[in-house]
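Here's the structure we're looking at; comments come further down.
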Amino acid sequence: MATRRRLSGSPLAWLIWGLVIFFFVNLAGVIGSVVVSSVGERWFDTWLPTAGYTTRWYGEAWQEFGLGPVLLTTLEVSLLVVGISVLIGVPASYVLARRSFPGRRLLYLLFLLPILMPPITYGIPLATVLYKYGFAGNLSGVVLANLVPSVPFVILTMTPFIEQIDPAIERAARMCGAGTRQVFVRILAPLLVPGILAASILVLVRTVGMFELTFLTAGPDSQTLVVALYYSMSAAGIRAQQSVDAMAVMYSGMMLVLLVVALRFVNPTQLVARVKEDVD
């Protein structure tokens with residue numbers, strides 16, 4: 001207890017707390033400036049807009065950047081990635097949780113590589129292959145690219161859930177005459193609903209926020225919101241900065257909602273502990 005008190009009152013502790021406060025103050029300043037700009041009529045060299053406030057920039061951003069089709073594409077990509085990832089990841093998680101075979105740990109680490117590596121490192125060769133075979137530039141290419149990190153997320157989330165289920169339940173069901181399909185559908189599936197929901201939300205957040213893989217494989221009609229936001233900032237022409245800021249606020253708000261929902265069902269410390277355990 002005395003050591004903890006000395007540490008909390010040491011100059012190092014004050015320095016750390018000062019850096020943390022400095023970081024959050026700057027973060028709040030950046031976010032606040034974007035939000036204020038998105039509702040300000042004109043804002044140049046003053047602390048706050050002097051010409052009043054308005055919400056018309058959100059309507060102009062919606063019309064100028066065609067956010068309706070963009071949001072629809074984002075929803076389509078996200079739902080397809082979530083559905084396919086769950087269909088692939090849940091059976092793979094079951095095998096990793098229930099079966100012991102040579103190279104199991106190595107296989108698990110291979111599944112984790114797309115999470116541990118920056119997406120751009122494998123995104124460029126992946127996009128090259130997808131373009132070569134005609135998948136990139138449309139919705140299918142975006143979905144296939146996003147599956148690479150999404151399936152490992154499902155495996156990482158679902159494996160602990162399956163390991164917590166007593167195998168005796170499955171053996172009892174088989175002794176009563178249930179087949180593999182019946183055991184999975186009637187016994188395991190209801191018990192795994194919380195895990196599947198957590199994995200789906202996690203993949204949804206990852207897909208909506210994935211820029212690199214989507215940018216490398218998307219075409220004009222398959223851009224998600226994050227890619228459309230990038231093009232709105234970098235495209236040629238003159239456009240109101242407030243419209244871009246309004247689009248950024250909408251994207252940030254959507255990501256914030258998804259993040260809050262994800263944290264409601266997923267404990268990040270458990271995922272980190274799980275990765276560390278399998279790596280060790």
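Labels used: A, B, ... for chains in the order of the structure tokens, numbers from 1 for residues in each chain, and numbers from 1 for ligands as shown.
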Leaving out A:Leu213 and any residue of its chain fewer than 5 positions from it, which residues lie within 7 Å of it when counting only C-alpha atoms, given as a ChimeraX atom specification?
-> /A:119,123,145-146
Output C-alpha atoms for every residue in the selection just made, as an mmCIF file, in the first residue's frame.
```
data_model
loop_
_atom_site.group_PDB
_atom_site.id
_atom_site.type_symbol
_atom_site.label_atom_id
_atom_site.label_comp_id
_atom_site.auth_asym_id
_atom_site.auth_seq_id
_atom_site.Cartn_x
_atom_site.Cartn_y
_atom_site.Cartn_z
ATOM 1 C CA PRO A 119 -4.330 -4.599 -43.566
ATOM 2 C CA GLY A 123 -4.312 -5.829 -48.958
ATOM 3 C CA ALA A 145 -11.450 -8.741 -49.084
ATOM 4 C CA ASN A 146 -13.212 -7.979 -45.808
#
```
Return the single residue from A:Phe101, A:Phe184, A:Tyr231, A:Tyr53 that is closest to A:Ala218, with distances computed using only C-alpha atoms.
->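 Ranking A:Phe101, A:Phe184, A:Tyr231, A:Tyr53 by distance to A:Ala218, first place goes to A:Tyr231.
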Extract, using only C-alpha atoms, all DNA, RNA and protein residues at most 9 Å from A:Arg42, discarding same-chain residues fewer than 3 positions from it, and format them as a ChimeraX atom specification.
-> /A:37,49-53,242
From a DSSP calculation on the backbone, collect every residue of stretch 20-260 of chain A in helix (DSSP H, G or I) and output the set as a PyMOL selection string.
-> chain A and resi 20-39+56-64+67-98+104-116+119-132+139-163+167-175+180-209+212-217+225-234+241-260
Residue nearest A:Pro190 among A:Leu229, A:Met247, A:Cys176, A:Ile165 (counting only C-alpha atoms) =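 Checking each of A:Leu229, A:Met247, A:Cys176, A:Ile165 against A:Pro190, counting only C-alpha atoms, the winner is A:Ile165.
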Quick one: residues within 12 Å of A:Thr74, only C-alpha atoms counted, chain neighbours fewer than 5 positions away excluded, as a count of residues only?
-> 30
Write out as a PyMOL selection string the residues lying within 8 Å of stretch 259-262 of chain A, counting only C-alpha atoms and excluding same-chain residues fewer than 2 positions away.
-> chain A and resi 198+201-202+205+255-257+264-266
Just write the chosen residues, N, CA and C atoms, as an mmCIF file, in the first residue's frame.
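Wrote selection-v9.cif, looks like this:
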```cif
data_model
loop_
_atom_site.group_PDB
_atom_site.id
_atom_site.type_symbol
_atom_site.label_atom_id
_atom_site.label_comp_id
_atom_site.auth_asym_id
_atom_site.auth_seq_id
_atom_site.Cartn_x
_atom_site.Cartn_y
_atom_site.Cartn_z
ATOM 1 N N ALA A 198 -22.089 -11.519 -30.230
ATOM 2 C CA ALA A 198 -20.887 -10.724 -29.968
ATOM 3 C C ALA A 198 -19.962 -10.719 -31.174
ATOM 4 N N ILE A 201 -21.448 -8.508 -34.037
ATOM 5 C CA ILE A 201 -21.297 -7.071 -33.796
ATOM 6 C C ILE A 201 -19.850 -6.645 -33.992
ATOM 7 N N LEU A 202 -18.923 -7.486 -33.538
ATOM 8 C CA LEU A 202 -17.505 -7.166 -33.689
ATOM 9 C C LEU A 202 -17.115 -7.086 -35.166
ATOM 10 N N VAL A 205 -18.597 -3.864 -36.758
ATOM 11 C CA VAL A 205 -17.789 -2.674 -36.468
ATOM 12 C C VAL A 205 -16.526 -2.682 -37.323
ATOM 13 N N MET A 255 -20.130 5.066 -36.105
ATOM 14 C CA MET A 255 -19.105 4.223 -35.513
ATOM 15 C C MET A 255 -19.186 4.232 -33.987
ATOM 16 N N LEU A 256 -19.534 5.382 -33.412
ATOM 17 C CA LEU A 256 -19.662 5.462 -31.962
ATOM 18 C C LEU A 256 -20.795 4.582 -31.459
ATOM 19 N N VAL A 257 -21.910 4.606 -32.164
ATOM 20 C CA VAL A 257 -23.042 3.750 -31.775
ATOM 21 C C VAL A 257 -22.654 2.276 -31.869
ATOM 22 N N ARG A 264 -20.913 -3.494 -25.272
ATOM 23 C CA ARG A 264 -21.962 -4.063 -24.420
ATOM 24 C C ARG A 264 -21.921 -5.585 -24.427
ATOM 25 N N PHE A 265 -21.453 -6.171 -25.522
ATOM 26 C CA PHE A 265 -21.472 -7.625 -25.652
ATOM 27 C C PHE A 265 -20.072 -8.250 -25.652
ATOM 28 N N VAL A 266 -19.036 -7.458 -25.896
ATOM 29 C CA VAL A 266 -17.684 -7.999 -26.019
ATOM 30 C C VAL A 266 -16.784 -7.308 -25.012
#
```
Quick one: pull the distance between atom CA of A:Ile162 and atom CA of A:Arg174, Å, one decimal.
->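 That distance, rounded to one decimal, is 17.3 Å.
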So which residues touch A:Trp57 within 10 Å, counting only C-alpha atoms, skipping near sequence neighbours fewer than 6 positions away, as a list in words?
-> Ser37, Ser38, Val39, Gly40, Glu41, Gln63, Glu64, Ala240, Gln241, Gln242, Ser243, Val244, Asp245, Ala246 and Met247 of chain A
Selected residues written out with C-alpha atoms, as a compact mmCIF listing (two decimals), in the first residue's frame:
```
# COMPACT_ATOMS: atom_id res chain seq x y z
CA SER A 37 -17.89 23.37 -38.26
CA SER A 38 -20.62 21.01 -39.44
CA VAL A 39 -23.33 23.24 -37.91
CA GLY A 40 -21.77 26.66 -38.47
CA GLU A 41 -22.78 29.04 -41.24
CA GLN A 63 -27.33 15.18 -51.64
CA GLU A 64 -23.84 16.11 -52.85
CA ALA A 240 -17.90 23.48 -48.71
CA GLN A 241 -15.72 22.22 -45.88
CA GLN A 242 -18.82 22.18 -43.68
CA SER A 243 -20.38 19.52 -45.92
CA VAL A 244 -17.32 17.30 -45.55
CA ASP A 245 -17.36 17.87 -41.80
CA ALA A 246 -21.05 16.96 -41.67
CA MET A 247 -20.30 13.72 -43.47
```
9 Å contact set for A:Ile187, only C-alpha atoms, chain neighbours under 6 positions out, as an MDAnalysis selection string | chainID A and resid 169:170 173
